[in-house]
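Trainee: File final33.tsv below, TSV, C-alpha atoms:
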chain	number	residue	atom	x	y	z
A	292	ASN	CA	92.44	16.57	29.67
A	293	ARG	CA	90.94	19.11	27.30
A	294	MET	CA	94.16	19.64	25.34
A	295	ASP	CA	94.49	15.91	24.70
A	296	ILE	CA	90.89	15.67	23.53
A	297	THR	CA	91.36	18.67	21.20
A	298	GLU	CA	94.56	17.24	19.75
A	299	GLU	CA	92.89	13.85	19.21
A	300	LEU	CA	89.98	15.53	17.41
A	301	LEU	CA	92.33	17.53	15.16
A	302	THR	CA	94.26	14.38	14.34
A	303	THR	CA	91.12	12.49	13.30
A	304	VAL	CA	89.99	15.40	11.16
A	305	ARG	CA	93.37	15.55	9.44
A	306	LYS	CA	93.25	11.81	8.82
A	307	GLY	CA	89.77	12.06	7.35
A	308	THR	CA	88.06	9.75	9.82
A	309	VAL	CA	85.57	12.21	11.31
A	310	GLY	CA	83.64	15.22	10.06
A	311	ASP	CA	80.77	16.48	7.92
A	312	LEU	CA	80.58	16.62	4.14
A	313	ARG	CA	78.15	18.45	1.89
A	314	ILE	CA	77.86	17.04	-1.63
A	315	ALA	CA	75.70	17.94	-4.63
A	316	SER	CA	75.30	15.91	-7.81
A	317	LEU	CA	73.59	16.24	-11.16
A	318	PRO	CA	70.52	13.96	-11.46
A	319	SER	CA	71.99	11.34	-13.81
A	320	ALA	CA	74.48	10.24	-11.14
A	321	ALA	CA	72.52	11.23	-8.04
A	322	GLN	CA	69.80	8.60	-8.07
A	323	PHE	CA	71.96	5.49	-7.87
A	324	LEU	CA	75.64	5.93	-8.73
A	325	MET	CA	76.66	8.62	-6.23
A	326	PRO	CA	74.70	7.01	-3.37
A	327	GLU	CA	76.54	3.76	-4.12
A	328	ILE	CA	79.89	5.56	-4.02
A	329	LEU	CA	79.03	7.49	-0.87
A	330	ALA	CA	77.63	4.45	0.95
A	331	SER	CA	80.85	2.54	0.29
A	332	TYR	CA	82.90	5.55	1.34
A	333	ILE	CA	81.26	6.17	4.72
A	334	ALA	CA	80.78	2.49	5.55
A	335	GLU	CA	84.42	2.46	6.65
A	336	ARG	CA	84.11	5.83	8.41
A	337	PRO	CA	81.47	5.56	11.15
A	338	ASP	CA	82.11	9.11	12.41
A	339	VAL	CA	81.48	10.78	9.08
A	340	LYS	CA	78.20	12.55	8.40
A	341	ILE	CA	77.10	13.56	4.90
A	342	SER	CA	74.48	15.84	3.41
A	343	PHE	CA	73.78	14.79	-0.17
A	344	MET	CA	71.58	16.77	-2.55
A	345	THR	CA	70.42	16.40	-6.14
A	346	ARG	CA	70.55	19.67	-8.07
A	347	THR	CA	70.77	20.85	-11.65
A	348	SER	CA	74.25	21.57	-12.95
A	349	PRO	CA	73.85	25.39	-12.96
A	350	THR	CA	72.68	25.29	-9.34
A	351	ILE	CA	75.61	23.07	-8.33
A	352	HIS	CA	78.05	25.55	-9.83
A	353	GLU	CA	76.41	28.33	-7.82
A	354	LEU	CA	76.55	26.31	-4.59
A	355	ILE	CA	80.23	25.46	-5.02
A	356	ALA	CA	81.06	29.03	-6.06
A	357	SER	CA	79.39	30.31	-2.88
A	358	GLN	CA	81.56	27.88	-0.85
A	359	GLN	CA	78.48	26.15	0.62
A	360	TYR	CA	79.39	22.60	-0.45
A	361	ASP	CA	82.53	20.49	-0.27
A	362	LEU	CA	82.16	18.74	-3.62
A	363	GLY	CA	79.96	18.89	-6.67
A	364	LEU	CA	79.49	16.69	-9.72
A	365	ALA	CA	78.02	18.59	-12.66
A	366	GLU	CA	78.24	19.42	-16.32
A	367	PRO	CA	81.11	21.90	-16.79
A	368	ARG	CA	80.88	25.62	-17.23
A	369	ARG	CA	83.72	28.11	-17.22
A	370	ASP	CA	82.49	31.54	-16.19
A	371	LEU	CA	82.99	31.07	-12.44
A	372	ALA	CA	85.65	28.35	-12.29
A	373	GLY	CA	89.12	29.58	-11.42
A	374	GLU	CA	87.86	32.56	-9.44
A	375	SER	CA	85.90	30.76	-6.76
A	376	TYR	CA	86.38	27.02	-7.26
A	377	PHE	CA	88.55	24.37	-8.88
A	378	ILE	CA	87.26	22.19	-11.68
A	379	GLU	CA	88.38	18.78	-12.96
A	380	GLU	CA	86.77	18.04	-16.31
A	381	TYR	CA	86.39	14.62	-17.94
A	382	LYS	CA	85.17	13.42	-21.31
A	383	LEU	CA	82.84	10.43	-20.99
A	384	PRO	CA	82.00	7.65	-23.45
A	385	GLY	CA	78.58	7.90	-25.03
A	386	PHE	CA	76.08	5.11	-25.71
A	387	LEU	CA	72.84	4.58	-27.57
A	388	ALA	CA	70.27	2.80	-25.42
A	389	ILE	CA	68.06	0.63	-27.61
A	390	ASN	CA	65.22	-1.75	-26.90
A	391	THR	CA	66.17	-5.32	-27.80
A	392	SER	CA	63.09	-5.63	-30.01
A	393	GLN	CA	64.50	-3.03	-32.41
A	394	SER	CA	66.32	-4.52	-35.41
A	395	ILE	CA	69.29	-2.17	-34.99
A	396	ALA	CA	69.87	-3.61	-31.50
A	397	GLN	CA	71.49	-6.58	-33.22
A	398	LYS	CA	74.24	-4.37	-34.66
A	399	ALA	CA	77.48	-3.96	-32.72
A	400	ASN	CA	78.16	-0.58	-34.32
A	401	ILE	CA	75.34	1.80	-35.08
A	402	THR	CA	75.66	4.66	-37.54
A	403	PRO	CA	73.60	7.88	-37.70
A	404	GLN	CA	71.95	6.51	-40.83
A	405	ASP	CA	70.57	3.61	-38.79
A	406	LEU	CA	68.64	6.10	-36.62
A	407	ASP	CA	66.74	7.68	-39.49
A	408	GLY	CA	63.07	8.05	-38.53
A	409	ILE	CA	63.33	6.16	-35.20
A	410	PRO	CA	61.79	8.13	-32.31
A	411	PHE	CA	64.30	9.65	-29.90
A	412	VAL	CA	63.71	9.89	-26.16
A	413	GLY	CA	66.12	12.07	-24.25
A	414	LEU	CA	67.18	15.38	-22.81
A	415	TYR	CA	65.41	18.56	-23.89
A	416	GLY	CA	66.14	19.74	-27.40
A	417	GLU	CA	68.44	22.60	-26.34
A	418	HIS	CA	70.79	20.23	-24.51
A	419	TYR	CA	74.14	19.98	-26.24
A	420	THR	CA	74.08	16.17	-26.51
A	421	THR	CA	70.61	16.09	-28.08
A	422	GLY	CA	71.72	18.75	-30.53
A	423	GLN	CA	74.73	16.67	-31.54
A	424	VAL	CA	72.63	13.53	-32.10
A	425	LYS	CA	70.16	15.56	-34.17
A	426	ARG	CA	72.89	17.03	-36.38
A	427	LEU	CA	74.46	13.61	-36.99
A	428	VAL	CA	71.14	12.03	-38.01
A	429	GLU	CA	70.21	14.92	-40.29
A	430	ALA	CA	73.68	15.31	-41.83
A	431	ASP	CA	72.94	12.72	-44.53
A	432	GLY	CA	69.30	13.65	-44.98
A	433	GLY	CA	67.91	11.48	-42.19
A	434	LYS	CA	64.87	12.37	-40.11
A	435	PHE	CA	65.38	13.17	-36.42
A	436	PHE	CA	62.17	12.92	-34.41
A	437	GLN	CA	62.23	13.59	-30.67
A	438	ARG	CA	59.14	12.00	-29.22
A	439	VAL	CA	59.86	12.65	-25.52
A	440	GLU	CA	61.84	15.50	-23.93
A	441	LEU	CA	63.15	15.01	-20.40
A	442	GLN	CA	65.17	16.80	-17.75
A	443	THR	CA	67.25	13.75	-16.80
A	444	ALA	CA	68.91	11.19	-19.04
A	445	ILE	CA	68.31	8.25	-16.72
A	446	SER	CA	64.55	8.79	-16.98
A	447	SER	CA	64.78	8.14	-20.71
A	448	LEU	CA	65.73	4.51	-20.07
A	449	LEU	CA	62.29	3.76	-18.65
A	450	PHE	CA	60.84	4.86	-21.99
A	451	VAL	CA	63.37	2.76	-23.87
A	452	GLU	CA	62.28	-0.25	-21.79
A	453	ARG	CA	58.76	0.34	-23.12
A	454	ASN	CA	60.10	0.62	-26.67
A	455	ILE	CA	58.97	4.23	-27.04
A	456	GLY	CA	62.25	5.10	-28.75
A	457	TYR	CA	66.02	5.07	-28.40
A	458	SER	CA	68.09	7.28	-26.15
A	459	PHE	CA	71.62	8.64	-25.81
A	460	VAL	CA	73.34	8.40	-22.43
A	461	ASP	CA	76.83	8.73	-21.00
A	462	SER	CA	78.75	6.11	-19.05
A	463	LEU	CA	77.67	7.52	-15.67
A	464	THR	CA	74.01	7.13	-16.60
A	465	LYS	CA	74.67	3.67	-17.99
A	466	ALA	CA	76.37	2.66	-14.73
A	467	SER	CA	73.49	4.08	-12.70
A	468	TYR	CA	71.01	2.05	-14.73
A	469	GLY	CA	73.06	-1.06	-14.02
A	470	LEU	CA	72.52	-0.44	-10.31
A	471	ILE	CA	68.74	-0.30	-10.71
A	472	ASN	CA	68.58	-4.04	-11.44
A	473	SER	CA	65.62	-3.55	-13.74
A	474	SER	CA	63.56	-6.69	-14.14
A	475	ARG	CA	62.95	-6.04	-17.84
A	476	LYS	CA	66.52	-6.61	-19.07
A	477	ASN	CA	65.50	-5.46	-22.53
A	478	ILE	CA	67.94	-2.64	-23.24
A	479	VAL	CA	71.28	-2.91	-25.02
A	480	PHE	CA	73.91	-0.17	-24.98
A	481	ARG	CA	75.95	0.46	-28.10
A	482	PRO	CA	78.95	2.86	-28.24
A	483	PHE	CA	78.15	6.08	-30.07
A	484	ASP	CA	80.63	8.93	-30.34
A	485	LEU	CA	79.66	12.57	-30.53
A	486	GLU	CA	81.96	15.20	-32.02
A	487	HIS	CA	82.18	17.22	-28.82
A	488	GLY	CA	81.56	14.27	-26.55
A	489	VAL	CA	79.90	14.23	-23.16
A	490	ARG	CA	81.56	16.00	-20.28
A	491	VAL	CA	81.32	15.96	-16.52
A	492	ALA	CA	83.24	17.92	-13.92
A	493	ILE	CA	84.24	17.54	-10.29
A	494	LEU	CA	83.89	20.89	-8.55
A	495	VAL	CA	85.72	21.84	-5.35
A	496	PRO	CA	85.40	25.23	-3.59
A	497	LYS	CA	88.51	27.39	-3.54
A	498	PHE	CA	88.03	29.15	-0.21
A	499	ARG	CA	86.08	26.65	1.89
A	500	LEU	CA	88.35	24.86	4.39
A	501	ARG	CA	89.13	21.46	2.88
A	502	SER	CA	89.67	18.48	5.12
A	503	ALA	CA	91.46	15.22	4.38
A	504	LEU	CA	87.95	13.78	4.34
A	505	ALA	CA	86.89	15.98	1.41
A	506	ASN	CA	90.14	15.35	-0.45
A	507	ALA	CA	89.79	11.59	-0.03
A	508	LEU	CA	86.21	11.68	-1.33
A	509	LYS	CA	87.32	13.67	-4.37
A	510	ASP	CA	89.88	10.96	-5.10
A	511	VAL	CA	87.20	8.25	-4.82
A	512	VAL	CA	84.85	10.10	-7.20
A	513	ARG	CA	87.72	10.70	-9.64
A	514	GLU	CA	88.62	7.01	-9.63
A	515	ALA	CA	84.97	6.08	-10.24
A	516	ILE	CA	84.73	8.40	-13.25
A	517	ILE	CA	87.97	7.07	-14.73
A	518	SER	CA	86.83	3.47	-14.17
A	519	MET	CA	83.79	4.26	-16.33
A	520	GLY	CA	85.91	5.47	-19.21
A	521	GLY	CA	86.28	9.10	-18.19
A	522	VAL	CA	89.32	10.78	-19.74
A	523	PRO	CA	90.77	13.88	-18.05
A	524	ILE	CA	90.72	17.02	-20.18
A	525	GLU	CA	94.15	18.48	-19.61
A	526	ASP	CA	93.36	22.06	-20.59
A	527	ALA	CA	90.34	22.19	-18.29
Now, as a test, write the supplied structure out as structure tokens.

Mentor:
Amino acid sequence: NRMDITEELLTTVRKGTVGDLRIASLPSAAQFLMPEILASYIAERPDVKISFMTRTSPTIHELIASQQYDLGLAEPRRDLAGESYFIEEYKLPGFLAINTSQSIAQKANITPQDLDGIPFVGLYGEHYTTGQVKRLVEADGGKFFQRVELQTAISSLLFVERNIGYSFVDSLTKASYGLINSSRKNIVFRPFDLEHGVRVAILVPKFRLRSALANALKDVVREAIISMGGVPIEDA
């Protein structure tokens, strides 16, 4: 009867086996990494439907704050969090992406001095990670030269493949590149720490009805970030 059908539907929703999810991700994870995570997630849940969008981090914050999406992955900001959505912030490992033909690619540990005068390919100059790389290179009198400015970090790796310059990426971007299966295989990644690090945040709306489905997906995304070296920021 109708009551039995309704109860069965409510039970499946509570268990997270049926329902719709709306997700937004920043570009560095949206092209390969998040689709990989989402495909694995819904493969075991045939009655789950997802809407997945790539947006800039400021737009994702606005979407989550307006309660339009169930989950967002973005660079953190603090002016709206707490009032309209929850935020889990993580510090990510950073890496220099270097073409194997460059002499410094043979070094296991690269210093800012090693980057003196080598063209940089990466995020626009105002981005906080580019600014940190620039300050490190110039701190001891080195020359920082940004040859290519981009909106997404993963795009920089195509330029590195062509030996246009080196790039700085986080572990999410590095993992995404690994999923591309590029035929060139001519990039090495070397650990490179920045003073303020690289940060990413999981965003969850505060007033949108959350299902077991959304909570389970948040757990999966959290586990993925931690598996790539993400460290929770306790005071976030």

Trainee: Can you pull out every residue within 10 Å of Ser392 in chain A, counting all atoms listed in the file, but drop anything in the same chain fewer than 2 positions away, and send it as a PDB file with C-alpha atoms, in the coordinates of the input?

Mentor:
ATOM      1  CA  ILE A 389      68.060   0.630 -27.610  1.00  0.00           C
ATOM      2  CA  ASN A 390      65.220  -1.750 -26.900  1.00  0.00           C
ATOM      3  CA  SER A 394      66.320  -4.520 -35.410  1.00  0.00           C
ATOM      4  CA  ILE A 395      69.290  -2.170 -34.990  1.00  0.00           C
ATOM      5  CA  ALA A 396      69.870  -3.610 -31.500  1.00  0.00           C
ATOM      6  CA  GLN A 397      71.490  -6.580 -33.220  1.00  0.00           C
ATOM      7  CA  GLU A 452      62.280  -0.250 -21.790  1.00  0.00           C
ATOM      8  CA  ASN A 454      60.100   0.620 -26.670  1.00  0.00           C
ATOM      9  CA  ASN A 477      65.500  -5.460 -22.530  1.00  0.00           C
ATOM     10  CA  ILE A 478      67.940  -2.640 -23.240  1.00  0.00           C
ATOM     11  CA  VAL A 479      71.280  -2.910 -25.020  1.00  0.00           C
TER      12      VAL A 479
END

Trainee: Show me, as JSON lines, the residues of range 377-461 of chain A having an atom within 7 Å of range 311-321 of chain A, each with the closest atom pair and its distance in Å, using all atoms listed in the file.

Mentor:
{"residue": "A:Thr443", "atom": "CA", "partner": "A:Ser319", "partner_atom": "CA", "distance": 6.1}
{"residue": "A:Ala444", "atom": "CA", "partner": "A:Ser319", "partner_atom": "CA", "distance": 6.1}
{"residue": "A:Ile445", "atom": "CA", "partner": "A:Ser319", "partner_atom": "CA", "distance": 5.6}

Trainee: Nearest residue to Ala505 in chain A out of A:Ile328, A:Leu362, A:Ala388, A:Ala334, using all atoms listed in the file?

Mentor: A:Leu362

Trainee: Separation of CA of Gln322 in chain A and CA of Phe450 in chain A, in Å?

Mentor: 17.0 Å

Trainee: Kindly provide, as lines of an AutoDock Vina configuration file, the centre and edge lengths (Å, one decimal) of an axis-aligned box around all atoms of range 495-498 of chain A given in the file, with 3 Å on each side.

Mentor:
center_x = 87.0
center_y = 25.5
center_z = -2.8
size_x = 9.1
size_y = 13.3
size_z = 11.1

Trainee: Using all atoms listed in the file, determine which residues lie at most 9 Å from Tyr468 in chain A, disregarding the query and same-chain residues fewer than 6 positions distant; provide the list as a JSON list (two decimals) with C-alpha atoms, keeping the file's coordinate frame.

Mentor:
[["chain", "number", "residue", "atom", "x", "y", "z"],
["A", 323, "PHE", "CA", 71.96, 5.49, -7.87],
["A", 324, "LEU", "CA", 75.64, 5.93, -8.73],
["A", 445, "ILE", "CA", 68.31, 8.25, -16.72],
["A", 448, "LEU", "CA", 65.73, 4.51, -20.07]]

Trainee: Kindly give the distance, in Å, that separates CA of Val309 in chain A and CA of Asn506 in chain A, rounded to a single decimal.

Mentor: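 A separation of 13.0 Å between them.
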
Trainee: So that I can see what lies close to Val512 in chain A, please list as an MDAnalysis selection string the residues with an atom at most 12 Å from it, counting all atoms listed in the file and leaving out residues fewer than 6 positions away in the same chain.

Mentor: chainID A and resid 314 316 320 324:329 331:332 362:364 379 381 463 491:495 505:506 518:519 521

Trainee: One decimal, Å: what's the distance from CA of Glu525 in chain A over to CA of Tyr419 in chain A, could you say?

Mentor: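 Straight-line distance from CA of Glu525 in chain A to CA of Tyr419 in chain A works out to 21.1 Å.
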
Trainee: Would you pick out the contacts of Pro384 in chain A at 12 Å or less, using only C-alpha atoms, so that residues sharing its chain but fewer than 6 positions from it are not included, and give the list as a list in words?

Mentor: Phe459, Val460, Asp461, Ser462, Leu463, Thr464, Lys465, Ala466, Phe480, Arg481, Pro482, Phe483, Asp484, Leu485, Glu486, His487, Gly488, Val489, Arg490, Val491, Ile516, Ile517, Ser518, Met519, Gly520, Gly521 and Val522 of chain A

Trainee: Which polymer residues, whether protein, DNA or RNA, lie within 12 Å of the coordinate (88.6, 23.8, 0.7) when you count all atoms listed in the file? List them as a PyMOL selection string, using the chain letters and numbers from the file.

Mentor: chain A and resi 312-313+355-362+375-377+494-506+509

Trainee: So which one's closest to Gln404 in chain A, A:Arg336, A:Lys434, A:His352, A:Arg368? Using only C-alpha atoms, please.

Mentor: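 So, comparing all the options, the nearest one is A:Lys434.
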
Trainee: Show which residues sit within 8 Å of Gly310 in chain A, as a PDB file with C-alpha atoms, in the frame of the given file. Count all atoms listed in the file, and ignore same-chain residues fewer than 6 positions away.

Mentor:
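Output file out_39.pdb follows:
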ATOM      1  CA  VAL A 304      89.990  15.400  11.160  1.00  0.00           C
ATOM      2  CA  ASP A 338      82.110   9.110  12.410  1.00  0.00           C
ATOM      3  CA  VAL A 339      81.480  10.780   9.080  1.00  0.00           C
ATOM      4  CA  LYS A 340      78.200  12.550   8.400  1.00  0.00           C
ATOM      5  CA  LEU A 504      87.950  13.780   4.340  1.00  0.00           C
TER       6      LEU A 504
END

Trainee: Kindly indicate which residue among A:Leu406, A:Ala507, A:Leu354, A:Ala515 lies nearest to Ile333 in chain A, using all atoms listed in the file for the distances.

Mentor: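 Going through A:Leu406, A:Ala507, A:Leu354, A:Ala515 one by one, the smallest distance to Ile333 in chain A is for A:Ala507.
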